[in-house]
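Shown next: entry35.cif, containing mmCIF, C-alpha atoms.
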```cif
data_query
#
loop_
_atom_site.group_PDB
_atom_site.id
_atom_site.type_symbol
_atom_site.label_atom_id
_atom_site.label_comp_id
_atom_site.auth_asym_id
_atom_site.auth_seq_id
_atom_site.Cartn_x
_atom_site.Cartn_y
_atom_site.Cartn_z
ATOM 1 C CA MET A 26 -14.355 -4.890 -53.907
ATOM 2 C CA ALA A 27 -17.770 -5.903 -52.657
ATOM 3 C CA ALA A 28 -18.578 -2.300 -51.747
ATOM 4 C CA LEU A 29 -17.546 -1.051 -55.192
ATOM 5 C CA ASP A 30 -19.453 -3.854 -56.891
ATOM 6 C CA ALA A 31 -22.607 -2.860 -54.970
ATOM 7 C CA TRP A 32 -22.942 0.316 -57.046
ATOM 8 C CA PRO A 33 -25.493 1.680 -57.971
ATOM 9 C CA ALA A 34 -27.102 0.444 -54.743
ATOM 10 C CA TRP A 35 -24.843 2.490 -52.426
ATOM 11 C CA PRO A 36 -26.828 4.119 -49.622
ATOM 12 C CA GLY A 37 -27.519 7.655 -50.803
ATOM 13 C CA GLY A 38 -25.655 6.865 -54.044
ATOM 14 C CA ALA A 39 -22.239 7.682 -52.571
ATOM 15 C CA LEU A 40 -19.256 5.732 -51.261
ATOM 16 C CA ALA A 41 -16.073 6.914 -49.578
ATOM 17 C CA LEU A 42 -13.147 4.587 -50.297
ATOM 18 C CA ILE A 43 -10.489 5.243 -47.666
ATOM 19 C CA GLY A 44 -7.086 3.801 -46.912
ATOM 20 C CA PRO A 45 -3.358 4.431 -46.674
ATOM 21 C CA ALA A 46 -1.253 6.002 -49.398
ATOM 22 C CA GLY A 47 -0.238 3.484 -52.008
ATOM 23 C CA GLY A 48 -2.890 1.035 -50.851
ATOM 24 C CA GLY A 49 -4.704 0.739 -54.180
ATOM 25 C CA LYS A 50 -7.515 3.276 -53.834
ATOM 26 C CA THR A 51 -6.776 5.010 -57.128
ATOM 27 C CA HIS A 52 -6.466 1.722 -58.993
ATOM 28 C CA LEU A 53 -9.802 0.465 -57.684
ATOM 29 C CA ALA A 54 -11.486 3.837 -58.174
ATOM 30 C CA ARG A 55 -10.363 4.095 -61.794
ATOM 31 C CA GLU A 56 -11.569 0.572 -62.530
ATOM 32 C CA TRP A 57 -14.957 1.516 -61.064
ATOM 33 C CA ALA A 58 -15.016 4.778 -63.046
ATOM 34 C CA GLN A 59 -14.326 2.925 -66.275
ATOM 35 C CA ARG A 60 -16.987 0.315 -65.572
ATOM 36 C CA ALA A 61 -19.541 2.936 -64.481
ATOM 37 C CA GLN A 62 -18.560 5.352 -67.270
ATOM 38 C CA ALA A 63 -18.043 7.927 -64.546
ATOM 39 C CA LEU A 64 -16.758 11.447 -64.951
ATOM 40 C CA THR A 65 -13.521 12.033 -63.026
ATOM 41 C CA LEU A 66 -13.485 15.512 -61.529
ATOM 42 C CA ASP A 67 -10.530 17.621 -60.442
ATOM 43 C CA ARG A 68 -10.875 18.145 -56.685
ATOM 44 C CA LYS A 69 -9.302 21.618 -56.944
ATOM 45 C CA SER A 70 -12.039 22.862 -59.272
ATOM 46 C CA PRO A 71 -14.853 20.303 -59.500
ATOM 47 C CA ASP A 72 -17.299 21.056 -62.333
ATOM 48 C CA VAL A 73 -20.607 20.285 -60.642
ATOM 49 C CA ALA A 74 -22.650 21.159 -63.755
ATOM 50 C CA ALA A 75 -20.745 18.583 -65.846
ATOM 51 C CA ALA A 76 -21.465 15.964 -63.187
ATOM 52 C CA ALA A 77 -25.244 16.226 -63.452
ATOM 53 C CA ASP A 78 -27.035 12.957 -64.195
ATOM 54 C CA ARG A 79 -23.981 10.693 -64.279
ATOM 55 C CA PRO A 80 -21.638 8.796 -61.962
ATOM 56 C CA VAL A 81 -18.683 10.782 -60.635
ATOM 57 C CA LEU A 82 -15.250 10.005 -59.198
ATOM 58 C CA LEU A 83 -13.547 12.571 -56.958
ATOM 59 C CA GLU A 84 -10.178 11.581 -55.488
ATOM 60 C CA ASP A 85 -8.136 12.761 -52.490
ATOM 61 C CA VAL A 86 -11.094 14.598 -51.007
ATOM 62 C CA ASP A 87 -9.444 14.871 -47.589
ATOM 63 C CA GLN A 88 -6.719 16.993 -49.232
ATOM 64 C CA GLY A 89 -9.244 19.774 -49.751
ATOM 65 C CA VAL A 90 -12.250 20.359 -51.974
ATOM 66 C CA ASP A 91 -14.787 23.186 -52.251
ATOM 67 C CA ASP A 92 -17.439 22.580 -49.566
ATOM 68 C CA GLU A 93 -20.382 23.709 -51.681
ATOM 69 C CA ALA A 94 -19.307 21.624 -54.672
ATOM 70 C CA LEU A 95 -18.947 18.526 -52.500
ATOM 71 C CA PHE A 96 -22.322 19.209 -50.881
ATOM 72 C CA HIS A 97 -24.005 19.375 -54.313
ATOM 73 C CA LEU A 98 -22.176 16.285 -55.597
ATOM 74 C CA ILE A 99 -23.339 14.250 -52.593
ATOM 75 C CA ASN A 100 -26.912 15.445 -53.101
ATOM 76 C CA MET A 101 -26.830 14.600 -56.834
ATOM 77 C CA ALA A 102 -25.395 11.124 -56.161
ATOM 78 C CA ALA A 103 -28.766 9.797 -54.998
ATOM 79 C CA ARG A 104 -30.414 10.506 -58.364
ATOM 80 C CA GLU A 105 -31.078 7.614 -60.719
ATOM 81 C CA GLY A 106 -28.153 6.979 -63.055
ATOM 82 C CA CYS A 107 -25.765 8.857 -60.776
ATOM 83 C CA GLY A 108 -23.340 7.900 -58.061
ATOM 84 C CA LEU A 109 -20.343 9.397 -56.322
ATOM 85 C CA LEU A 110 -17.126 7.634 -55.418
ATOM 86 C CA LEU A 111 -14.831 9.631 -53.140
ATOM 87 C CA THR A 112 -11.305 8.531 -52.223
ATOM 88 C CA ALA A 113 -9.273 9.696 -49.234
ATOM 89 C CA ARG A 114 -6.745 8.597 -46.667
ATOM 90 C CA GLU A 115 -8.942 9.633 -43.734
ATOM 91 C CA ALA A 116 -12.551 8.810 -42.926
ATOM 92 C CA PRO A 117 -15.167 11.404 -43.932
ATOM 93 C CA ALA A 118 -15.774 12.269 -40.276
ATOM 94 C CA ALA A 119 -12.239 13.736 -40.201
ATOM 95 C CA TRP A 120 -12.621 15.878 -43.341
ATOM 96 C CA ARG A 121 -12.694 19.621 -42.698
ATOM 97 C CA THR A 122 -15.799 21.583 -43.596
ATOM 98 C CA GLU A 123 -17.444 24.842 -42.582
ATOM 99 C CA LEU A 124 -20.916 23.797 -43.781
ATOM 100 C CA PRO A 125 -23.059 22.124 -41.100
ATOM 101 C CA ASP A 126 -25.241 20.458 -43.763
ATOM 102 C CA LEU A 127 -22.158 19.005 -45.443
ATOM 103 C CA ARG A 128 -20.852 17.732 -42.083
ATOM 104 C CA SER A 129 -24.054 15.730 -41.562
ATOM 105 C CA ARG A 130 -23.796 14.241 -45.061
ATOM 106 C CA LEU A 131 -20.129 13.346 -44.582
ATOM 107 C CA ASN A 132 -20.925 11.626 -41.298
ATOM 108 C CA ALA A 133 -23.640 9.599 -43.052
ATOM 109 C CA LEU A 134 -21.504 8.447 -46.013
ATOM 110 C CA PHE A 135 -21.146 4.737 -46.702
ATOM 111 C CA VAL A 136 -17.437 3.940 -46.138
ATOM 112 C CA ALA A 137 -15.248 1.111 -47.420
ATOM 113 C CA GLU A 138 -11.773 0.937 -45.892
ATOM 114 C CA ILE A 139 -8.615 -0.554 -47.341
ATOM 115 C CA GLU A 140 -6.512 -1.504 -44.356
ATOM 116 C CA GLU A 141 -2.737 -1.553 -44.001
ATOM 117 C CA PRO A 142 -1.303 -4.490 -45.951
ATOM 118 C CA ASP A 143 -0.819 -7.747 -44.043
ATOM 119 C CA ASP A 144 2.309 -9.921 -44.370
ATOM 120 C CA GLU A 145 0.956 -11.847 -47.347
ATOM 121 C CA VAL A 146 0.109 -8.715 -49.324
ATOM 122 C CA LEU A 147 3.324 -6.948 -48.345
ATOM 123 C CA GLU A 148 5.455 -9.939 -49.341
ATOM 124 C CA GLY A 149 3.652 -10.107 -52.677
ATOM 125 C CA VAL A 150 4.320 -6.408 -53.217
ATOM 126 C CA LEU A 151 8.009 -6.811 -52.322
ATOM 127 C CA ARG A 152 8.304 -9.735 -54.739
ATOM 128 C CA LYS A 153 6.661 -7.667 -57.481
ATOM 129 C CA PHE A 154 9.003 -4.710 -56.917
ATOM 130 C CA PHE A 155 12.067 -6.976 -56.894
ATOM 131 C CA ARG A 156 10.831 -8.735 -60.052
ATOM 132 C CA GLU A 157 10.386 -5.375 -61.819
ATOM 133 C CA ARG A 158 14.107 -4.768 -61.217
ATOM 134 C CA SER A 159 15.040 -8.326 -62.272
ATOM 135 C CA ILE A 160 16.258 -9.134 -58.753
ATOM 136 C CA ARG A 161 15.873 -12.496 -57.018
ATOM 137 C CA PRO A 162 16.905 -12.002 -53.391
ATOM 138 C CA PRO A 163 17.455 -14.979 -51.092
ATOM 139 C CA LYS A 164 14.283 -16.245 -49.402
ATOM 140 C CA GLU A 165 15.394 -15.091 -45.936
ATOM 141 C CA VAL A 166 15.288 -11.427 -47.055
ATOM 142 C CA TYR A 167 11.476 -11.415 -47.141
ATOM 143 C CA PRO A 168 10.724 -12.438 -43.530
ATOM 144 C CA TYR A 169 13.561 -10.205 -42.328
ATOM 145 C CA LEU A 170 12.079 -7.159 -44.057
ATOM 146 C CA LEU A 171 8.491 -7.995 -43.101
ATOM 147 C CA ARG A 172 9.345 -8.076 -39.383
ATOM 148 C CA ARG A 173 11.197 -4.763 -39.453
ATOM 149 C CA MET A 174 9.950 -2.458 -42.205
ATOM 150 C CA GLU A 175 7.248 0.176 -42.194
ATOM 151 C CA ARG A 176 3.940 -1.487 -43.153
ATOM 152 C CA SER A 177 3.191 0.427 -46.335
ATOM 153 C CA ILE A 178 3.368 -0.148 -50.056
ATOM 154 C CA PRO A 179 5.253 3.110 -50.742
ATOM 155 C CA PHE A 180 7.903 2.080 -48.188
ATOM 156 C CA ALA A 181 8.143 -1.391 -49.790
ATOM 157 C CA HIS A 182 8.833 0.306 -53.112
ATOM 158 C CA GLU A 183 11.444 2.577 -51.525
ATOM 159 C CA ILE A 184 13.248 -0.224 -49.661
ATOM 160 C CA VAL A 185 13.547 -2.328 -52.839
ATOM 161 C CA LYS A 186 14.901 0.695 -54.707
ATOM 162 C CA ARG A 187 17.419 1.422 -51.950
ATOM 163 C CA LEU A 188 18.528 -2.208 -51.745
ATOM 164 C CA ASP A 189 19.052 -2.283 -55.506
ATOM 165 C CA GLU A 190 21.056 0.965 -55.438
ATOM 166 C CA ALA A 191 23.167 -0.125 -52.460
ATOM 167 C CA ALA A 192 23.916 -3.496 -54.067
ATOM 168 C CA ASP A 193 25.034 -1.699 -57.248
ATOM 169 C CA ASP A 194 27.087 0.919 -55.386
ATOM 170 C CA GLU A 195 28.835 -1.610 -53.155
ATOM 171 C CA GLN A 196 29.091 -4.319 -55.805
ATOM 172 C CA ARG A 197 27.506 -6.930 -53.558
ATOM 173 C CA PRO A 198 24.376 -9.072 -53.756
ATOM 174 C CA ILE A 199 21.137 -8.215 -52.021
ATOM 175 C CA SER A 200 21.122 -10.116 -48.751
ATOM 176 C CA ARG A 201 19.696 -10.071 -45.262
ATOM 177 C CA MET A 202 22.839 -8.215 -44.130
ATOM 178 C CA LEU A 203 22.361 -5.497 -46.735
ATOM 179 C CA ALA A 204 18.686 -5.171 -45.735
ATOM 180 C CA ARG A 205 19.793 -4.820 -42.110
ATOM 181 C CA GLN A 206 22.273 -2.098 -43.081
ATOM 182 C CA ILE A 207 19.608 -0.126 -44.980
ATOM 183 C CA LEU A 208 17.071 -0.412 -42.154
ATOM 184 C CA GLU A 209 19.660 0.539 -39.517
ATOM 185 C CA ASP A 210 20.605 3.600 -41.572
ATOM 186 C CA ASP A 211 16.927 4.595 -41.503
ATOM 187 C CA MET A 212 16.810 4.266 -37.708
ATOM 188 C CA GLU A 213 19.969 6.334 -37.284
ATOM 189 C CA ASN A 214 18.553 9.069 -39.509
ATOM 190 C CA LEU A 215 15.320 9.097 -37.493
ATOM 191 C CA ASP A 216 17.327 9.501 -34.282
ATOM 192 C CA LEU A 217 18.885 12.687 -35.676
ATOM 193 C CA PHE A 218 15.469 14.353 -35.652
ATOM 194 C CA ASP A 219 14.380 13.241 -32.154
#
```

Could the structure of this file be written out as structure tokens, please?
Amino acid sequence: MAALDAWPAWPGGALALIGPAGGGKTHLAREWAQRAQALTLDRKSPDVAAAADRPVLLEDVDQGVDDEALFHLINMAAREGCGLLLTAREAPAAWRTELPDLRSRLNALFVAEIEEPDDEVLEGVLRKFFRERSIRPPKEVYPYLLRRMERSIPFAHEIVKRLDEAADDEQRPISRMLARQILEDDMENLDLFD
């Protein structure tokens, strides 16, 4: 948040916001874009001309974007009244490019990283997803899941969905035992592909 709030004083006018899928990058980026009155560009066909003299948001840059367009957007970001917020899962140093000049600019980008969620955040997310389904699991379900589940928000969403479906299908309440069953099924399915 501090890095986003520092705009328009980002070094070189640009910031790369990186982090895991489902970690909140898009939410934060869109809030910034609204506050900055930024133009959101399509990474598959970024309109560089439309981006002149204004702040710009370009998401999922590590999924591929035209090298020359990105090069020009980074250069324009330093102009007064401009700025460039880029989102990605990987750091700019890992982004593919064929342009040596773009590589140097990517390596110099100011980066803010959203890390994997800790227990407190993940428990809050689980509680939110359960609440959205009007489910109140026993308290012991949370620590059980937190010690054993994949540490990501998309997985938290999926595990709540699967627990809800399993409880409905089997006509039983959500419990630590049901969570164990779901997680063990995941492990067995992973073993099939080893």

Note to self: What does the structure give for the distance between CA of Leu53 (chain A) and CA of Arg172 (chain A), in Å to one decimal?
What the structure shows: 27.8 Å

Notebook entry, point to check: Care to translate the PyMOL selection byres ((chain A and resi 114) around 10) into actual residues of this file, as an NGL selection string?
Noted result: :A and (41-48 or 50 or 84-88 or 112-113 or 115-117 or 119-120 or 138-139)

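Minimum distance to Phe155 (chain A) across A:Phe96, A:Phe135, A:Trp35, A:Tyr167 (counting all atoms listed in the file) occurs at A:Tyr167.
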
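Considering the residues A:Ile199, A:Leu109, A:Ala181, A:Leu170 and counting all atoms listed in the file, Thr65 (chain A) has its shortest atom-to-atom contact with A:Leu109.
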
Hits of the PyMOL selection byres ((chain A and resi 175) around 12) in this structure, as a PDB file with C-alpha atoms, keeping the file's coordinate frame:
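Written output follows (part20.pdb):
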```pdb
ATOM      1  CA  GLU A 141      -2.737  -1.553 -44.001  1.00  0.00           C
ATOM      2  CA  PRO A 142      -1.303  -4.490 -45.951  1.00  0.00           C
ATOM      3  CA  ASP A 143      -0.819  -7.747 -44.043  1.00  0.00           C
ATOM      4  CA  ASP A 144       2.309  -9.921 -44.370  1.00  0.00           C
ATOM      5  CA  LEU A 147       3.324  -6.948 -48.345  1.00  0.00           C
ATOM      6  CA  LEU A 170      12.079  -7.159 -44.057  1.00  0.00           C
ATOM      7  CA  LEU A 171       8.491  -7.995 -43.101  1.00  0.00           C
ATOM      8  CA  ARG A 172       9.345  -8.076 -39.383  1.00  0.00           C
ATOM      9  CA  ARG A 173      11.197  -4.763 -39.453  1.00  0.00           C
ATOM     10  CA  MET A 174       9.950  -2.458 -42.205  1.00  0.00           C
ATOM     11  CA  ARG A 176       3.940  -1.487 -43.153  1.00  0.00           C
ATOM     12  CA  SER A 177       3.191   0.427 -46.335  1.00  0.00           C
ATOM     13  CA  ILE A 178       3.368  -0.148 -50.056  1.00  0.00           C
ATOM     14  CA  PRO A 179       5.253   3.110 -50.742  1.00  0.00           C
ATOM     15  CA  PHE A 180       7.903   2.080 -48.188  1.00  0.00           C
ATOM     16  CA  ALA A 181       8.143  -1.391 -49.790  1.00  0.00           C
ATOM     17  CA  HIS A 182       8.833   0.306 -53.112  1.00  0.00           C
ATOM     18  CA  GLU A 183      11.444   2.577 -51.525  1.00  0.00           C
ATOM     19  CA  ILE A 184      13.248  -0.224 -49.661  1.00  0.00           C
ATOM     20  CA  LEU A 208      17.071  -0.412 -42.154  1.00  0.00           C
ATOM     21  CA  ASP A 211      16.927   4.595 -41.503  1.00  0.00           C
ATOM     22  CA  MET A 212      16.810   4.266 -37.708  1.00  0.00           C
TER      23      MET A 212
END
```

Notebook entry, point to check: Quick one: of A:Leu95, A:Val146, A:Ala137, A:Met26, who's nearest to Asp72 (chain A), counting all atoms listed in the file?
Noted result: A:Leu95

Next item on the list: May I ask for the distance between CA of Arg60 (chain A) and CA of Asp92 (chain A), given in Å to one decimal place?
Entry: 27.4 Å

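Atom pair CA of Arg158 (chain A) / CA of Val185 (chain A): separated by 8.7 Å.
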
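Closest to Leu127 (chain A) among A:Arg187, A:Arg161, A:His97, A:Arg205 is A:His97, based on all atoms listed in the file.
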
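Protein, DNA and RNA residues at most 9 Å from (-19.9, 9.5, -43.7), with all atoms listed in the file, are these: Leu40, Ala41, Ala116, Pro117, Ala118, Arg128, Ser129, Arg130, Leu131, Asn132, Ala133, Leu134, Phe135 and Val136 of chain A.
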
Note to self: Could you check which residues have any atom within 12 Å of (-24.3, 7.2, -56.7), counting all atoms listed in the file with coordinates taken straight from the file, and then list them as a VMD selection string?
What the structure shows: chain A and resid 29 31 to 41 57 to 58 61 63 to 64 76 to 82 98 to 111 134 to 135

Next item on the list: Can you pull out every residue within 8 Å of Pro71 (chain A), counting only C-alpha atoms, but drop anything in the same chain fewer than 3 positions away, and send it as a PyMOL selection string?
Entry: chain A and resi 66-68+90-91+94

Next item on the list: Rank nothing, just name the residue among A:Pro198, A:Gly149, A:Gly89, A:Pro162 nearest to Thr122 (chain A), using only C-alpha atoms.
Entry: A:Gly89
